[in-house]
Amino acid sequence: MLDSRRSLKGPAPAVRAEGRAAPGRLARLAGLCGPAFVVSVAYIDPGNFATNMAGGAQYGTMLLWVIALANVLAMFVQALSAKLGIATGRNLPELCRDHLPRRVSLPLWVQAELVAAATDLAEFIGGAIALNLLFGVPLLPAAAITAVVSSLLLMLAPRGRRRFEATVAAMLGVVLAGFAYQVLLSGSLAGVAGGFVPRLAGSDSLLLATGIVGATVMPHVVYLHSALTQHQGVPGGSGENARREAVRASRMDIGVALGAAGLVNMAMLTVAAATFGGGDPGSLQAIHAGLGQVLGPGAAVAFALALLASGLASSSVGTYAGQVIMAGFLRRRVPLLARRLVTIIPAMAVLAAGVDPTRALVLSQVALSFGIPFALVPLVAFTGSRKLMGDLVNHRLTTVAGVAVAAVISALNGFLLVDVFTG
């Protein structure tokens with residue numbers, strides 16, 4: 001009887017433990033999610049508004065395939081970046097500094113800073129335009145207000161990462177809701193299937209397509225993502241399972257966050273295509289006015305609120321990425337708020353000079369596309385190194401795909417340079 005009682009009671013603790021294990025594992029996986037939502041905001045920044053809406057207005061749904069392709073490339077690149085941080089416990093700028101000759105790493109740092117500056121230019125201008133559209137605030141003071149509010153967001157980043165991630169995710173939700181509302185009003189999903197057939201219509205469409213890639217695959221968050229995940233794994237030994245679990249969680253994180261960002265980008269283009277019917281409105285202000293005339297004032301307000309949420313969130317993420325870039329390449333840190341004061345200068349100068357802000361946004365995204373290979377080549381090289389990555393090293397096909405992505409983007413940029421300088 002005693003043995004029987006033991007046999008009856010014995011399994012019970014194991015069942016209870018197993019019951020506790022499942023939620024515990026889910027909680028761990030959930031705890032590893034979040035970085036991709038921070039990263040994803042950069043994929044729907046104000047530069048995306050300018051390039052996607054311009055693309056839809058001028059070419060209808062023809063460039064939808066470019067957005068879809070760029071989003072797949074973004075997921076691929078961010079998955080490599082997240083895995084690099086998890087596997088090595090280091091971020092991409094730190095690895096560039098440690099493993100590349102100084103004559104290579106210093107120019108890489110300079111171009112990375114220029115990329116971050118181009119990003120900040122787009123984000124401050126976008127936020128300023130949104131405040132101007134919503135409240136009539138002149139562009140220069142509106143840019144300053146954007147800097148102040150996004151600086152408050154930045155204060156959450158170093159010591160309240162979870163709050164920062166949650167706030168940024170909420171702003172992503174605002175952008176998504178705004179464009180979902182506009183899609184419902186415009187009925188812009190009708191006949192979009194043809195937009196996924198790859199084609200272009202001359203060098204102007206190539207310029208916009210390159211800008212869309214530059215606005216979607218963002219170099220500064222390639223650097224940032226590896227920093228956000230670098231403390232999630234335990235390199236070597238008993239930490240192997242933890243690292244693999246973190247990689248799985250990061251893929252789920254990326255799929256959800258960047259999937260949502262991709263839907264927003266497609267919605268931007270289809271709304272512009274349905275609203276403007278082949279006529280280029282020329283500026284974000286004109287797009288806002290056109291949406292109000294065609295779809296009603298609610299659509300115009302939704303557009304402006306989405307633009308404001310995008311500008312505020314992406315500007316704080318851009319400055320955070322700039323901090324990671326400087327600290328990694330140079331082992332130097334400056335206070336985030338001091339960096340914010342410096343990064344607002346180019347945007348204020350552009351606005352003060354009277355440059356068309358929408359044109360500046362589009363050109364900033366083209367400039368960003370030139371920074372992609374400089375982030376992607378070392379990323380592919382490092383994630384293909386078994387010495388650095390251990391069992392998480394890239395499969396050969398992954399490395400080949402990474403090389404192909406870098407080559408295609410570099411070729412597009414080379415063609416664009418020839419087109420720009422030869423007319």
# chains A, B, ... in the order shown; residues from 1 in each chain; ligands from 1
>>> closest_atom_pairs(of="stretch 275-345 of chain A", to="stretch 30-51 of chain A", cutoff="10 Å", atoms="only C-alpha atoms", output="Markdown table")
| residue | atom | partner | partner_atom | distance |
| --- | --- | --- | --- | --- |
| A:Gly282 | CA | A:Ala50 | CA | 9.4 |
| A:Ser283 | CA | A:Ala50 | CA | 7.7 |
| A:Leu284 | CA | A:Ala50 | CA | 6.7 |
| A:Ile287 | CA | A:Ala50 | CA | 9.5 |
| A:Phe303 | CA | A:Phe49 | CA | 9.6 |
| A:Ala306 | CA | A:Pro46 | CA | 9.3 |
| A:Leu307 | CA | A:Pro46 | CA | 6.3 |
| A:Leu308 | CA | A:Pro46 | CA | 8.6 |
| A:Ala309 | CA | A:Asp45 | CA | 9.0 |
| A:Ser310 | CA | A:Asp45 | CA | 5.2 |
| A:Gly311 | CA | A:Pro46 | CA | 6.0 |
| A:Leu312 | CA | A:Asp45 | CA | 9.1 |
| A:Ala313 | CA | A:Val41 | CA | 6.7 |
| A:Ser314 | CA | A:Ala42 | CA | 5.3 |
| A:Ser315 | CA | A:Asp45 | CA | 8.3 |
| A:Ser316 | CA | A:Val38 | CA | 9.8 |
| A:Val317 | CA | A:Val38 | CA | 6.9 |
| A:Gly318 | CA | A:Ala42 | CA | 7.6 |
| A:Ala321 | CA | A:Val39 | CA | 9.6 |
>>> write_last_selection(atoms="all heavy atoms", output="compact mmCIF listing (two decimals), in the first residue's frame")
# COMPACT_ATOMS: atom_id res chain seq x y z
N GLY A 282 3.12 66.57 -54.85
CA GLY A 282 4.32 67.37 -54.72
C GLY A 282 4.85 67.58 -53.32
O GLY A 282 6.02 67.88 -53.15
N SER A 283 4.03 67.45 -52.29
CA SER A 283 4.52 67.67 -50.92
C SER A 283 3.59 66.95 -49.94
O SER A 283 2.44 66.60 -50.27
CB SER A 283 4.56 69.16 -50.58
OG SER A 283 3.24 69.68 -50.50
N LEU A 284 4.10 66.74 -48.72
CA LEU A 284 3.26 66.13 -47.69
C LEU A 284 2.09 67.04 -47.32
O LEU A 284 1.00 66.56 -47.00
CB LEU A 284 4.10 65.82 -46.44
CG LEU A 284 5.10 64.67 -46.58
CD1 LEU A 284 5.95 64.54 -45.32
CD2 LEU A 284 4.40 63.36 -46.90
N ILE A 287 -0.44 66.44 -49.93
CA ILE A 287 -1.06 65.13 -49.70
C ILE A 287 -2.12 65.24 -48.61
O ILE A 287 -3.24 64.73 -48.74
CB ILE A 287 0.00 64.08 -49.33
CG1 ILE A 287 0.89 63.77 -50.56
CG2 ILE A 287 -0.64 62.80 -48.80
CD1 ILE A 287 2.09 62.93 -50.24
N PHE A 303 -3.91 61.09 -41.13
CA PHE A 303 -2.60 61.17 -41.79
C PHE A 303 -1.63 61.99 -40.95
O PHE A 303 -0.48 61.58 -40.72
CB PHE A 303 -2.76 61.79 -43.18
CG PHE A 303 -1.47 62.04 -43.89
CD1 PHE A 303 -0.80 61.01 -44.56
CD2 PHE A 303 -0.89 63.31 -43.90
CE1 PHE A 303 0.40 61.25 -45.23
CE2 PHE A 303 0.30 63.56 -44.56
CZ PHE A 303 0.95 62.52 -45.22
N ALA A 306 -0.63 60.20 -37.71
CA ALA A 306 0.31 59.12 -38.00
C ALA A 306 1.69 59.67 -38.28
O ALA A 306 2.70 59.12 -37.83
CB ALA A 306 -0.20 58.30 -39.19
N LEU A 307 1.76 60.77 -39.03
CA LEU A 307 3.04 61.41 -39.34
C LEU A 307 3.72 61.91 -38.06
O LEU A 307 4.94 61.76 -37.89
CB LEU A 307 2.83 62.55 -40.32
CG LEU A 307 4.07 63.31 -40.79
CD1 LEU A 307 5.05 62.39 -41.52
CD2 LEU A 307 3.67 64.49 -41.70
N LEU A 308 2.95 62.48 -37.16
CA LEU A 308 3.51 62.98 -35.90
C LEU A 308 4.04 61.84 -35.04
O LEU A 308 5.17 61.91 -34.52
CB LEU A 308 2.44 63.75 -35.13
CG LEU A 308 2.88 64.34 -33.78
CD1 LEU A 308 4.02 65.33 -33.95
CD2 LEU A 308 1.69 65.00 -33.07
N ALA A 309 3.25 60.77 -34.89
CA ALA A 309 3.71 59.61 -34.11
C ALA A 309 4.98 59.03 -34.72
O ALA A 309 5.93 58.67 -34.00
CB ALA A 309 2.61 58.55 -34.04
N SER A 310 5.01 58.95 -36.04
CA SER A 310 6.19 58.42 -36.73
C SER A 310 7.42 59.30 -36.48
O SER A 310 8.50 58.80 -36.17
CB SER A 310 5.90 58.33 -38.23
OG SER A 310 7.07 58.13 -38.97
N GLY A 311 7.24 60.62 -36.61
CA GLY A 311 8.38 61.52 -36.43
C GLY A 311 8.94 61.49 -35.02
O GLY A 311 10.16 61.45 -34.83
N LEU A 312 8.06 61.49 -34.03
CA LEU A 312 8.51 61.49 -32.64
C LEU A 312 9.24 60.19 -32.28
O LEU A 312 10.32 60.20 -31.69
CB LEU A 312 7.32 61.69 -31.71
CG LEU A 312 6.64 63.07 -31.74
CD1 LEU A 312 5.40 63.07 -30.87
CD2 LEU A 312 7.60 64.17 -31.31
N ALA A 313 8.62 59.06 -32.63
CA ALA A 313 9.22 57.77 -32.27
C ALA A 313 10.51 57.52 -33.02
O ALA A 313 11.53 57.12 -32.44
CB ALA A 313 8.22 56.65 -32.53
N SER A 314 10.50 57.75 -34.33
CA SER A 314 11.68 57.42 -35.13
C SER A 314 12.85 58.36 -34.85
O SER A 314 14.01 57.95 -34.95
CB SER A 314 11.35 57.44 -36.62
OG SER A 314 10.82 58.68 -37.02
N SER A 315 12.57 59.60 -34.46
CA SER A 315 13.68 60.51 -34.13
C SER A 315 14.38 60.07 -32.85
O SER A 315 15.61 60.15 -32.74
CB SER A 315 13.19 61.95 -34.01
OG SER A 315 12.25 62.08 -32.95
N SER A 316 13.61 59.58 -31.87
CA SER A 316 14.25 59.10 -30.63
C SER A 316 15.05 57.82 -30.91
O SER A 316 16.16 57.65 -30.39
CB SER A 316 13.20 58.85 -29.55
OG SER A 316 12.26 57.89 -29.96
N VAL A 317 14.52 56.94 -31.76
CA VAL A 317 15.24 55.72 -32.11
C VAL A 317 16.50 56.06 -32.89
O VAL A 317 17.56 55.45 -32.68
CB VAL A 317 14.32 54.78 -32.93
CG1 VAL A 317 15.12 53.62 -33.51
CG2 VAL A 317 13.20 54.24 -32.05
N GLY A 318 16.42 57.04 -33.79
CA GLY A 318 17.60 57.44 -34.57
C GLY A 318 18.72 57.97 -33.69
O GLY A 318 19.90 57.63 -33.90
N ALA A 321 20.29 55.12 -31.84
CA ALA A 321 21.20 54.39 -32.73
C ALA A 321 22.51 55.13 -32.90
O ALA A 321 23.59 54.51 -32.93
CB ALA A 321 20.54 54.18 -34.09
>>> closest_residue(among="A:Val213, A:Ala190, A:Leu337, A:Leu363", to="A:Val271", atoms="only C-alpha atoms")
A:Ala190
>>> atom_distance(atom1="atom CA of A:Val197", atom2="atom CA of A:Met62")
7.7 Å
>>> closest_residue(among="A:Ala381, A:Met218, A:Leu207, A:Ala116", to="A:Tyr320", atoms="only C-alpha atoms")
A:Ala116
>>> residues_around(residues="A:Ala128", least_positions_apart="5", cutoff="6 Å", atoms="only C-alpha atoms", output="PyMOL selection string")
chain A and resi 139+142-143
>>> residues_around(residues="stretch 288-296 of chain A", least_positions_apart="3", cutoff="9 Å", atoms="only C-alpha atoms", output="list in words")
Leu133, Gln182, Leu185, Ser186, Val271, Ala272, Thr275, Phe276, Pro281, Ser283, Leu284, Gln285, Ala299, Ala300, Val301, Phe303 and Ala304 of chain A
>>> atom_distance(atom1="atom CA of A:Gln230", atom2="atom CA of A:Ile372")
21.1 Å
>>> residues_around(residues="A:Tyr223", least_positions_apart="3", cutoff="12 Å", atoms="only C-alpha atoms", output="ChimeraX atom specification")
/A:39,77-82,84-85,90-96,108-109,112-113,115-116,217-220,226-230,317-318,320-329,371-372,374-376,378-379
